[in-house]
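Shown next, in structure tokens, is the structure this report addresses.
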Protein chains: 4
Amino acid sequence: QTGRETTFAASYTDSSDDETSPRDKIQVNSKGTNDFCVKNIKHAEFGRREIEIAEQDMSALISLRKRAQGEKPLAGAKIVGCTHITAQTAVLIETLVALGAQCRWTACNIYSTQNEVAAALSEIGVAVFAWKGESEDDFWWCINKCINMEGWQPNMIIDDGGDLTHWVYKKYPNGFKKIRGIVEESVTGVHRLYQLSKAGKLCVPAMNVNDSVTKQKFDNLYCCRESILDGLKRTTDVMFGGKQVVVCGYGEVGKGCTAALKAMGSIVYVTEIDPICSLQACMDGFRVVKLNEVIRQVDIIITCTGNKNVVTRDQLDRMKNGSIVCNMGHSNTEIDVASLRTPELTWERVRSQVDHVIWPDGKRVILLAEGRLLNLSCSTVPTFVLSITATTQALALIELYNAPEGRYKQDVYLLPKKMDEYVASLHLPTFDAHLTELSDEQAKYLGLNKNGPFKPNYYRYTFPC
Amino acid sequence: QTGRETTFAASYTDSSDDETSPRDKIQVNSKGTNDFCVKNIKHAEFGRREIEIAEQDMSALISLRKRAQGEKPLAGAKIVGCTHITAQTAVLIETLVALGAQCRWTACNIYSTQNEVAAALSEIGVAVFAWKGESEDDFWWCINKCINMEGWQPNMIIDDGGDLTHWVYKKYPNGFKKIRGIVEESVTGVHRLYQLSKAGKLCVPAMNVNDSVTKQKFDNLYCCRESILDGLKRTTDVMFGGKQVVVCGYGEVGKGCTAALKAMGSIVYVTEIDPICSLQACMDGFRVVKLNEVIRQVDIIITCTGNKNVVTRDQLDRMKNGSIVCNMGHSNTEIDVASLRTPELTWERVRSQVDHVIWPDGKRVILLAEGRLLNLSCSTVPTFVLSITATTQALALIELYNAPEGRYKQDVYLLPKKMDEYVASLHLPTFDAHLTELSDEQAKYLGLNKNGPFKPNYYRYTFPC
Amino acid sequence: QTGRETTFAASYTDSSDDETSPRDKIQVNSKGTNDFCVKNIKHAEFGRREIEIAEQDMSALISLRKRAQGEKPLAGAKIVGCTHITAQTAVLIETLVALGAQCRWTACNIYSTQNEVAAALSEIGVAVFAWKGESEDDFWWCINKCINMEGWQPNMIIDDGGDLTHWVYKKYPNGFKKIRGIVEESVTGVHRLYQLSKAGKLCVPAMNVNDSVTKQKFDNLYCCRESILDGLKRTTDVMFGGKQVVVCGYGEVGKGCTAALKAMGSIVYVTEIDPICSLQACMDGFRVVKLNEVIRQVDIIITCTGNKNVVTRDQLDRMKNGSIVCNMGHSNTEIDVASLRTPELTWERVRSQVDHVIWPDGKRVILLAEGRLLNLSCSTVPTFVLSITATTQALALIELYNAPEGRYKQDVYLLPKKMDEYVASLHLPTFDAHLTELSDEQAKYLGLNKNGPFKPNYYRYTFPC
Amino acid sequence: QTGRETTFAASYTDSSDDETSPRDKIQVNSKGTNDFCVKNIKHAEFGRREIEIAEQDMSALISLRKRAQGEKPLAGAKIVGCTHITAQTAVLIETLVALGAQCRWTACNIYSTQNEVAAALSEIGVAVFAWKGESEDDFWWCINKCINMEGWQPNMIIDDGGDLTHWVYKKYPNGFKKIRGIVEESVTGVHRLYQLSKAGKLCVPAMNVNDSVTKQKFDNLYCCRESILDGLKRTTDVMFGGKQVVVCGYGEVGKGCTAALKAMGSIVYVTEIDPICSLQACMDGFRVVKLNEVIRQVDIIITCTGNKNVVTRDQLDRMKNGSIVCNMGHSNTEIDVASLRTPELTWERVRSQVDHVIWPDGKRVILLAEGRLLNLSCSTVPTFVLSITATTQALALIELYNAPEGRYKQDVYLLPKKMDEYVASLHLPTFDAHLTELSDEQAKYLGLNKNGPFKPNYYRYTFPC
């Protein structure tokens with residue numbers, strides 16, 4: 001539904017009558033090689049344009065590419081990757097290649113591949129195995145094709161969700177002898193790694209890039225500050241001014257959402273279970289209430305808790321006619337959507353991602369994205385945010401690949417603070433921001449190295465809006 | 001172009017293979033009457049649902065409908081209307097009908113008609129002559145069909161742009177004998193009326209609803225505060241945080257745009273020609289600069305001046321790669337788009353309403369809506385704002401129709417302050433806002449009537465964000 | 001009570017044991033003249049320093065002084081003035097002198113004179129008759145001394161409150177033959193002039209500078225935005241974050257107060273009688289309530305209505321222990337303070353301008369400035385705001401003095417829009433703000449003179465925060 | 001220096017001619033005891049009123065007092081305290097007494113004692129040894145009097161700065177056998193404790209209350225957000241709107257300052273050494289610059305770095321006439337004030353805490369508080385913030401006193417997360433904030449105890465403004 005996806009939907013229709021499975025096609029790129037499997041290699045040019053547009057907002061990665069191109073810090077690296085395959089990922093992959101790596105890539109989600117981008121990568125010789133609309137069987141077939149290549153053994157894994165890692169564990173356990181490290185992006189994948197580590201089964205070092213400070217704050221606070229407005233507007237055209245909104249949860253996502261809506265003239269209430277976050281909400285100018293206190297008067301409910309059944313059927317029964325309910329949290333269980341699938345309620349799909357749930361008395365509640373994440377379903381993640389993630393991934397790969405023996409054990413690590421700072425510094429030119437440098441005297445006074453890290457590991461970054 | 005219109009585009013495709021002109025069709029509604037001309041009367045049910053959804057956000061008009069339904073203040077009124085024909089307009093028309101009026105309606109724009117809504121109105125017996133995609137000839141044919149009806153002569157005109165009024169002047173000058181007044185909505189139409197008045201040719205009273213305080217502020221300040229974000233996001237997915245933006249013009253539109261972008265973390269510069277507005281910009285925290293001072297560093301240029309050539313080719317030449325330029329002002333001449341149509345520049349349409357203009361060195365400037373109004377082209381006007389406009393129009397019709405002889409001369413009038421206040425008061429329940437009433441003693445102290453008007457005519461409402 | 005006044009209080013104590021009335025003293029300045037009457041001419045040097053400090057923030061006036069010094073537009077002007085005598089006024093007076101005027105000056109308030117500044121003016125030869133702590137008799141004696149000077153007849157009056165004008169009417173009616181105009185600053189004085197005008201008794205043109213756009217907005221919106229915080233903090237040290245505040249009245253003052261408190265993390269409610277202002281409050285993110293709905297829960301009540309008995313004894317009875325009540329409006333009757341002077345309530349003065357009113361059950365309500373204007377009693381007016389007022393006064397004097405016969409009748413006028421714009425433009429360099437100039441082509445397109453005025457007289461400036 | 005202290009200065013003058021040292025006076029309270037040494041026991045009643053006023057904003061502590069009064073968790077505790085002696089501290093001390101403790105108290109600063117409060121405490125039997133204006137010798141004499149009491153040995157220490165702890169180490173090392181723990185409030189004191197711990201010389205557990213989350217955020221972010229405005233206004237009456245301000249450092253203090261000034265209409269620049277904080281500043285809408293880039297144009301410089309020589313003489317030389325420089329950071333070395341004490345510059349004290357430093361060409365730079373902390377020198381710490389600190393101290397004492405043997409070793413500890421949450425929860429009623437409780441099912445889903453702690457120890461609270 002997002003603008004960008006719309007663009008692709010448009011281009012995709014060109015070949016929508018092509019029902020042949022990519023696995024059954026014979027395709028060759030312009031160089032005559034065929035070590036890939038994508039929807040249509042002929043759409044490479046369109047994909048190339050998308051990659052070029054993405055590059056404009058990913059100058060940090062381009063800059064990293066340029067700075068490190070001479071030293072080729074990934075020379076010899078054989079990376080197998082399993083992530084969303086989008087224009088932004090392509091910029092990452094092409095950076096890794098520029099730094100010396102060989103890459104084989106597959107998709108971590110059966111729907112998220114941008115076919116034209118996959119084609120563009122295959123065209124320049126990256127071995128991509130992915131298309132939009134894979135079957136379950138296709139999915140594992142593609143993963144396997146990435147790993148199982150005659151005369152080529154991966155020595156680095158980059159994963160998003162842990163499926164690739166899982167497959168290697170299951171099918172190629174000996175492969176870990178060659179592997180220097182795993183870089184994992186997702187909450188789920190990181191959780192799996194920590195469990196392996198606890199169980200003593202993690203046999204290589206792993207880097208948790210999901211929890212790096214820079215990535216976290218951009219994904220949650222700054223990104224949600226914008227996407228809550230975007231997601232609500234694209235789906236409902238609601239006017240924010242004067243609306244009464246309750247935001248459930250005042251963590252980072254809740255802070256982003258409340259700040260944005262307050263700025264647009266909404267009257268915002270907060271619910272919280274944690275007294276410290278509650279006190280913050282008070283000091284930030286929000287009334288902290290129980291949901292039941294305001295349920296009859298609010299125009300919009302937004303859940304951002306990570307908890308389940310935060311909005312119950314009983315509460316949905318008491319909402320006003322025309323009110324909106326949506327989820328920005330970390331699970332799709334925050335709103336008890338299942339409880340709405342009962343015979344006396346009518347569901348009416350009025351737009352993509354927008355359902356009117358209609359009570360017997362005619363009251364309508366507007367449910368967005370069926371309770372799934374609004375920001376992912378009905379908005380877009382800005383390329384700049386993806387640039388931060390991708391740069392963090394690239395640095396994590398470089399760090400693990402080049403770390404002297406012994407620096408990392410068979411455990412899960414956060415990116416070193418200094419590299420986190422480096423990710424940030426690579427993004428400063430986008431804003432024409434100029435860092436102040438410490439004088440020798442000042443560095444000594446503060447007990448710091450002039451090049452950082454500037455904060456201790458335990459430092460808590462305060463992120464005001 | 002708006003989200004809602006997109007919805008219609010979707011539904012419209014069902015009949016898109018229907019190339020027959022509505023003028024050549026024979027259609028009858030379920031009551032057996034055929035005094036209308038729309039795309040497809042069978043789509044009435046879909047249109048009805050759209051009207052019902054619109055009613056949810058137009059409770060002021062529904063409330064007016066209920067309050068005045070007993071007295072039928074428009075009993076005997078024969079209204080001919082020429083406006084955009086949308087779900088929101090339908091709520092207005094059906095309100096006029098409920099208050100006793102007979103209505104015949106046509107479209108003020110050949111593209112803006114929601115066909116299903118036109119069908120729904122025709123189905124209940126309103127004589128609608130309009131469809132999406134009329135030819136110039138169709139346009140005037142429809143207007144004429146509204147006026148020229150055997151045994152029916154309009155006594156009220158409601159217009160948006162002045163075309164209907166113009167047609168009556170030209171073709172049925174005698175018709176004005178029966179007409180009690182004109183209600184005009186648009187800047188252009190109002191301008192035409194003032195010119196007629198100056199020339200001594202205005203032969204009935206006219207109400208300028210465009211300049212009523214409530215409508216003005218909602219259309220400009222509050223609406224633009226939201227639509228600048230929406231319009232930029234839907235077209236470019238740009239992240240606002242940290243972006244350098246220059247807003248040309250610090251009138252109401254400029255104030256709305258700057259407030260929103262500042263709240264989202266952009267760094268905003270303002271250009272102005274008026275020292276008073278400049279001083280305001282300073283006090284509101286914006287640096288006031290000449291465009292040339294910042295042209296090389298800004299990421300986004302937004303014009304809100306009403307002036308021409310505010311951004312020239314020379315300046316476009318100096319913009320950064322990847323920067324965005326768009327127009328929120330009152331004309332499509334603010335950006336000198338014509339100057340970009342030269343052979344050395346390549347235009348690439350990357351999405352609907354989004355062009356990349358590419359310089360010989362590869363620099364791209366992202367031009368939105370080809371320099372036309374971003375808020376109209378790439379965002380939606382919230383129903384609530386349209387409710388204010390429609391309520392103002394309804395009250396203007398009631399006022400002119402019922403005014404005792406002599407209250408209004410052959411001139412252009414603003415809505416009386418008291419009725420402006422009434423429009424506002426009808427919208428307060430939406431926000432559960434509770435007015436304080438003056439005590440007798442306080443009213444006397446202030447020299448006010450307890451029921452208003454509360455401000456003198458010359459009062460300047462300050463509208464902070 | 002203000003910081004600046006504190007400074008003076010400090011210096012004043014040096015001579016506080018000097019009980020002799022200035023009228024009984026014989027004083028001569030260093031040039032040997034004695035046409036003045038001030039507390040102590042010897043304090044001139046200290047006063048001079050205060051004037052110099054004020055000049056730093058009044059660069060607009062200094063700039064006007066420099067620009068017009070050559071042409072001496074006030075050559076021949078004999079100005080008699082009656083205003084507050086402060087360092088800022090001194091900068092105005094010395095500007096008038098630099099432009100060619102002769103000035104005689106007295107105070108419009110018996111307490112507000114800064115004695116050292118009066119001395120500094122007298123030292124350089126301005127005839128000042130004023131001191132802090134005048135008696136009623138002194139007050140009129142001083143006014144009379146300004147006017148009644150052998151061989152000197154005023155031809156311009158500048159007044160603040162109308163007392164000087166009144167005195168001339170009463171005692172020297174013939175004096176008006178020579179007088180070219182009156183410049184009046186205060187609400188009260190302007191009201192008196194309009195009454196004279198209505199009664200046909202105004203015998204010279206008068207300029208109402210109180211209602212000039214620039215001055216109004218600075219005095220009310222921008223100034224109150226800062227002084228509400230300052231006034232509350234200096235008196236009570238209250239923390240704003242999380243406090244529940246009700247602001248009565250959403251005019252300019254109310255808008256300034258609510259914007260500031262919202263920004264500081266307070267939860268703000270608004271009461272209003274006017275539906276248009278109510279709707280604005282909604283769109284700006286404030287709940288509009290009746291005072292009684294929130295009286296038991298709020299921590300702070302701020303009145304900004306211009307009305308009387310906005311907070312009644314009955315409501316004060318229901319306020320929380322420790323809550324604060326204060327007035328930012330236009331009269332000292334907004335809070336019914338008289339109703340609190342009953343035997344069962346105890347008043348305890350805890351600081352200057354701060355009373356605890358204690359109920360029999362021990363509840364304390366904190367009343368500031370006994371219900372008088374908080375911003376004037378417990379904060380300071382920034383010099384920059386006074387600069388705008390003073391510049392407006394100077395231009396009004398120049399305009400009236402130089403206007404060709406017939407431009408102004410015996411009526412009350414607002415400063416011409418173009419001069420209002422000039423006042424604004426003189427203040428732009430303070431902010432390093434750069435005006436954009438219209439090209440010839442653009443001026444023609446807009447139908448404007450390139451030098452302004454840029455807006456029609458009826459234009460309503462929107463002032464967002 | 002604070003407003004409240006000003007009040008005391010006023011009252012103090014009553015006895016200002018009393019030059020006798022309290023050590024030389026014989027004083028007895030109304031109960032006939034004399035185990036105290038204060039300025040004047042007769043001022044107890046005035047002090048009692050100040051304590052009562054403070055209680056109004058310290059309801060959390062009062063609430064703790066009530067909840068725990070039955071169980072007397074401090075029964076048997078013999079607490080010796082060395083802190084600022086103010087009305088707020090008195091509320092803490094009286095809470096400790098109500099919970100069963102015996103207390104002896106002295107001042108941690110020779111100037112900060114509120115004499116009347118010390119009298120009020122002595123009057124009810126607390127052994128206070130402190131007065132405003134102690135000599136160095138008095139200071140240590142008072143500390144010693146607190147500890148060295150026949151038949152009474154302290155078992156708990158509460159300290160602010162470490163002087164009391166130091167004295168016990170030095171003079172009564174055996175005393176530590178009885179002592180169950182130390183509660184330390186200040187950065188300096190905490191630093192000393194960590195050094196002792198590192199050196200293996202810490203012989204009892206110590207609680208670092210300075211770094212508890214709640215206290216930290218209130219002291220820095222929320223408090224500075226308000227005090228930067230207050231401190232600037234009280235000293236200079238500067239108008240914030242339109243002013244160009246550079247804030248050096250974007251940690252918590254910097255975030256508070258920038259948020260407040262932006263909200264008041266200032267144009268704010270940020271300098272930073274840390275790329276992560278820089279990126280935050282960008283996303284929050286501030287240009288990140290080097291100080292030299294803006295030094296010539298800014299009106300105000302505010303340092304918040306904790307670093308030294310952040311503003312050098314060379315930079316001060318280039319500041320504009322009339323610009324203001326002040327320090328909100330953690331040391332008094334941020335501005336190189338020493339470099340301004342050279343013969344060619346003239347210092348002029350224009351108000352308390354305000355110096356004009358005048359260059360040979362007449363340029364003045366306004367230096368506040370001689371470069372010491374503006375918020376402490378020229379503003380007040382709100383009682384609510386002190387309430388959070390005092391409640392944290394009380395809980396730390398209770399925790400250490402009641403902890404089962406072995407829970408705490410001879411080391412420095414942070415307050416357990418759960419107690420931090422308890423401090424927060426005690427302050428929620430002030431804001432009428434209502435916590436949401438987890439259902440059993442939800443608690444299980446989240447893996448949390450229903451009563452907290454709700455966050456892991458490593459959780460980073462994001463504090464948006």
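Identifiers in this document derive from the order of the structure tokens: chains are assigned A, B, ..., residues are numbered from 1 separately in each chain, and ligands are numbered from 1 in order of occurrence.
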
Write down as a VMD selection string the residues of stretch 18-238 of chain C whose backbone DSSP state falls under helix (DSSP H, G or I). chain C and resid 22 to 24 41 to 56 59 to 68 87 to 98 115 to 123 136 to 147 163 to 171 173 to 177 187 to 198 213 to 236

Keeping only C-alpha atoms, write the selected residues to a file as an mmCIF file, in the first residue's frame.
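And here is the file that came out, result_14.cif:
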```
data_model
loop_
_atom_site.group_PDB
_atom_site.id
_atom_site.type_symbol
_atom_site.label_atom_id
_atom_site.label_comp_id
_atom_site.auth_asym_id
_atom_site.auth_seq_id
_atom_site.Cartn_x
_atom_site.Cartn_y
_atom_site.Cartn_z
ATOM 1 C CA PRO C 22 11.950 67.451 44.880
ATOM 2 C CA ARG C 23 9.630 70.444 44.593
ATOM 3 C CA ASP C 24 11.418 71.946 47.593
ATOM 4 C CA ILE C 41 20.344 65.394 39.554
ATOM 5 C CA LYS C 42 23.565 63.923 40.943
ATOM 6 C CA HIS C 43 22.429 60.421 40.021
ATOM 7 C CA ALA C 44 22.566 61.318 36.337
ATOM 8 C CA GLU C 45 25.633 59.217 35.655
ATOM 9 C CA PHE C 46 24.039 56.026 36.941
ATOM 10 C CA GLY C 47 20.970 56.802 34.850
ATOM 11 C CA ARG C 48 23.122 57.360 31.777
ATOM 12 C CA ARG C 49 24.532 53.868 32.112
ATOM 13 C CA GLU C 50 21.030 52.429 32.279
ATOM 14 C CA ILE C 51 20.119 54.337 29.117
ATOM 15 C CA GLU C 52 23.185 52.969 27.368
ATOM 16 C CA ILE C 53 22.242 49.428 28.311
ATOM 17 C CA ALA C 54 18.721 49.976 27.015
ATOM 18 C CA GLU C 55 20.122 51.304 23.729
ATOM 19 C CA GLN C 56 21.699 47.922 23.085
ATOM 20 C CA SER C 59 18.806 49.371 17.830
ATOM 21 C CA ALA C 60 15.731 50.054 15.705
ATOM 22 C CA LEU C 61 15.302 53.408 17.377
ATOM 23 C CA ILE C 62 18.996 54.146 17.123
ATOM 24 C CA SER C 63 18.825 53.215 13.468
ATOM 25 C CA LEU C 64 15.851 55.539 12.948
ATOM 26 C CA ARG C 65 17.832 58.221 14.739
ATOM 27 C CA LYS C 66 20.711 57.784 12.349
ATOM 28 C CA ARG C 67 18.646 57.560 9.180
ATOM 29 C CA ALA C 68 16.607 60.667 9.910
ATOM 30 C CA ALA C 87 15.593 54.000 30.404
ATOM 31 C CA GLN C 88 13.655 52.888 27.340
ATOM 32 C CA THR C 89 11.605 56.075 27.251
ATOM 33 C CA ALA C 90 14.833 58.017 27.506
ATOM 34 C CA VAL C 91 16.037 56.372 24.305
ATOM 35 C CA LEU C 92 12.816 57.555 22.650
ATOM 36 C CA ILE C 93 13.136 61.096 23.978
ATOM 37 C CA GLU C 94 16.757 61.390 22.949
ATOM 38 C CA THR C 95 15.795 60.144 19.498
ATOM 39 C CA LEU C 96 13.128 62.827 19.205
ATOM 40 C CA VAL C 97 15.704 65.430 20.252
ATOM 41 C CA ALA C 98 18.174 64.084 17.698
ATOM 42 C CA ASN C 115 14.804 58.584 39.227
ATOM 43 C CA GLU C 116 18.319 58.174 37.883
ATOM 44 C CA VAL C 117 17.059 58.172 34.293
ATOM 45 C CA ALA C 118 15.048 61.321 34.941
ATOM 46 C CA ALA C 119 18.247 62.846 36.281
ATOM 47 C CA ALA C 120 20.244 61.773 33.227
ATOM 48 C CA LEU C 121 17.697 63.385 30.897
ATOM 49 C CA SER C 122 17.655 66.579 32.915
ATOM 50 C CA GLU C 123 21.422 66.618 32.859
ATOM 51 C CA GLU C 136 -1.598 63.234 43.539
ATOM 52 C CA ASP C 137 -0.917 66.922 43.841
ATOM 53 C CA ASP C 138 2.671 66.478 42.630
ATOM 54 C CA PHE C 139 1.371 64.558 39.640
ATOM 55 C CA TRP C 140 -0.747 67.413 38.285
ATOM 56 C CA TRP C 141 1.854 69.976 39.311
ATOM 57 C CA CYS C 142 4.396 68.177 37.127
ATOM 58 C CA ILE C 143 2.027 67.965 34.177
ATOM 59 C CA ASN C 144 1.326 71.638 34.487
ATOM 60 C CA LYS C 145 5.012 72.512 34.645
ATOM 61 C CA CYS C 146 5.515 70.722 31.333
ATOM 62 C CA ILE C 147 2.883 72.710 29.517
ATOM 63 C CA ASP C 163 -4.118 62.618 31.616
ATOM 64 C CA LEU C 164 -1.950 65.138 29.811
ATOM 65 C CA THR C 165 -4.516 65.487 27.039
ATOM 66 C CA HIS C 166 -7.236 65.887 29.632
ATOM 67 C CA TRP C 167 -5.280 68.618 31.421
ATOM 68 C CA VAL C 168 -4.730 70.575 28.232
ATOM 69 C CA TYR C 169 -8.434 70.300 27.425
ATOM 70 C CA LYS C 170 -9.331 71.527 30.862
ATOM 71 C CA LYS C 171 -6.751 74.221 31.497
ATOM 72 C CA PRO C 173 -8.149 74.737 25.579
ATOM 73 C CA ASN C 174 -6.681 77.447 23.413
ATOM 74 C CA GLY C 175 -3.439 75.526 23.283
ATOM 75 C CA PHE C 176 -5.008 73.190 20.733
ATOM 76 C CA LYS C 177 -4.825 75.867 18.090
ATOM 77 C CA VAL C 187 -6.109 51.429 25.935
ATOM 78 C CA THR C 188 -7.668 53.902 28.348
ATOM 79 C CA GLY C 189 -6.341 56.959 26.598
ATOM 80 C CA VAL C 190 -7.446 55.672 23.212
ATOM 81 C CA HIS C 191 -10.903 54.991 24.593
ATOM 82 C CA ARG C 192 -11.099 58.560 25.862
ATOM 83 C CA LEU C 193 -10.084 59.878 22.446
ATOM 84 C CA TYR C 194 -12.710 57.836 20.622
ATOM 85 C CA GLN C 195 -15.298 59.191 23.035
ATOM 86 C CA LEU C 196 -14.157 62.733 22.381
ATOM 87 C CA SER C 197 -14.315 62.024 18.678
ATOM 88 C CA LYS C 198 -17.813 60.591 18.909
ATOM 89 C CA VAL C 213 -0.470 45.448 14.523
ATOM 90 C CA THR C 214 3.157 45.102 15.404
ATOM 91 C CA LYS C 215 2.823 46.577 18.843
ATOM 92 C CA GLN C 216 -0.317 44.591 19.651
ATOM 93 C CA LYS C 217 1.134 41.228 18.801
ATOM 94 C CA PHE C 218 4.344 41.880 20.650
ATOM 95 C CA ASP C 219 2.653 43.264 23.712
ATOM 96 C CA ASN C 220 0.206 40.423 23.904
ATOM 97 C CA LEU C 221 1.115 37.218 22.175
ATOM 98 C CA TYR C 222 4.895 37.177 22.141
ATOM 99 C CA CYS C 223 5.430 39.033 25.363
ATOM 100 C CA CYS C 224 2.923 36.993 27.358
ATOM 101 C CA ARG C 225 4.343 33.752 26.004
ATOM 102 C CA GLU C 226 7.485 34.557 27.947
ATOM 103 C CA SER C 227 6.150 36.528 30.890
ATOM 104 C CA ILE C 228 3.659 33.914 32.054
ATOM 105 C CA LEU C 229 6.561 31.557 32.720
ATOM 106 C CA ASP C 230 8.690 34.278 34.211
ATOM 107 C CA GLY C 231 5.955 35.668 36.436
ATOM 108 C CA LEU C 232 4.977 32.268 37.817
ATOM 109 C CA LYS C 233 8.575 31.178 38.353
ATOM 110 C CA ARG C 234 9.785 34.322 40.107
ATOM 111 C CA THR C 235 6.872 34.288 42.517
ATOM 112 C CA THR C 236 6.345 30.605 43.232
#
```

Residues of chain C within 7 Å of chain B: nearest atom pair and distance (Å, one decimal) for each, counting only C-alpha atoms, sorted by chain and number, as a tab-separated table?
```
residue	atom	partner	partner_atom	distance
C:Thr214	CA	B:Ile276	CA	6.9
C:Glu252	CA	B:Thr462	CA	6.3
C:Lys255	CA	B:Pro464	CA	6.8
C:Thr271	CA	B:Thr436	CA	6.4
C:Glu272	CA	B:Thr436	CA	5.6
C:Ile273	CA	B:Thr436	CA	4.8
C:Asp274	CA	B:Phe454	CA	6.0
C:Pro275	CA	B:Ser425	CA	5.0
C:Ile276	CA	B:Ala424	CA	5.3
C:Leu279	CA	B:Ala424	CA	6.4
C:Gln280	CA	B:Phe463	CA	6.9
C:Cys282	CA	B:Phe431	CA	6.8
C:Asp284	CA	B:Cys465	CA	5.6
C:Arg287	CA	B:Ala433	CA	6.6
C:Val288	CA	B:Ala433	CA	4.8
C:Val289	CA	B:His434	CA	4.9
C:Lys290	CA	B:Thr436	CA	5.5
C:Asn307	CA	B:Leu446	CA	6.7
C:Lys308	CA	B:Gln442	CA	6.3
C:Glu421	CA	B:Ile276	CA	5.6
C:Ala424	CA	B:Ile276	CA	5.3
C:Ser425	CA	B:Pro275	CA	5.0
C:Leu428	CA	B:Leu279	CA	6.4
C:Phe431	CA	B:Cys282	CA	6.8
C:Ala433	CA	B:Val288	CA	4.8
C:His434	CA	B:Val289	CA	4.9
C:Leu435	CA	B:Ile273	CA	5.5
C:Thr436	CA	B:Ile273	CA	4.8
C:Glu437	CA	B:Ile273	CA	5.8
C:Leu438	CA	B:Ile273	CA	6.9
C:Gln442	CA	B:Lys308	CA	6.3
C:Leu446	CA	B:Asn307	CA	6.7
C:Phe454	CA	B:Asp274	CA	6.0
C:Arg460	CA	B:Arg460	CA	5.3
C:Thr462	CA	B:Thr462	CA	5.0
C:Phe463	CA	B:Thr462	CA	5.3
C:Pro464	CA	B:Pro464	CA	3.1
C:Cys465	CA	B:Pro464	CA	5.0
```

Leaving out stretch 296-305 of chain D and any residue of its chain fewer than 4 positions from it, which residues lie within 6 Å of it when counting only C-alpha atoms, given as a list in words? Gln244, Val245, Val246, Val247, Cys248, Gly249, Gly254, Arg318, Met319, Lys320, Ser323, Ile324, Val325, Cys326, Asn327, Met328 and Gly329 of chain D

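In this model, the gap between atom CA of C:Val385 and atom CA of D:Val238 comes to 10.5 Å.
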
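For the set C:Gly76, C:Glu334, C:Asp411, C:Met156, the residue with the smallest atom-to-atom gap to C:Leu202 is C:Asp411, counting only C-alpha atoms.
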
For atom CA of B:Ala396 and atom CA of B:Lys78, quote the distance in Å rounded to one decimal. 14.6 Å

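Closest approach to B:Met207 from the set B:Thr392, B:Glu405, B:Met58, B:Thr20 is made by B:Thr392, with distances taken over only C-alpha atoms.
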
Those in stretch 291-399 of chain A with strand (DSSP E) from DSSP, as a list in words: Ile300, Ile301, Ile302, Thr303, Ser323, Ile324, Val325, Cys326, Asn327, Thr346, Trp347, Glu348, Arg349, Val350, Arg351, Val354, Asp355, His356, Val357, Ile358, Arg364, Val365, Ile366, Leu367 and Leu368 of chain A

Need to verify the contact set: D:Phe129, 7 Å, only C-alpha atoms, exclusion of same-chain residues closer than 4 positions in sequence. Can you return it as a PyMOL selection string? chain D and resi 36-38+105-106+142

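By only C-alpha atoms, and with residues fewer than 6 positions from A:Ile158 along its chain excluded, the set lying at most 6 Å from it is A:Gly81, A:Ile182, A:Val183, A:Glu184.
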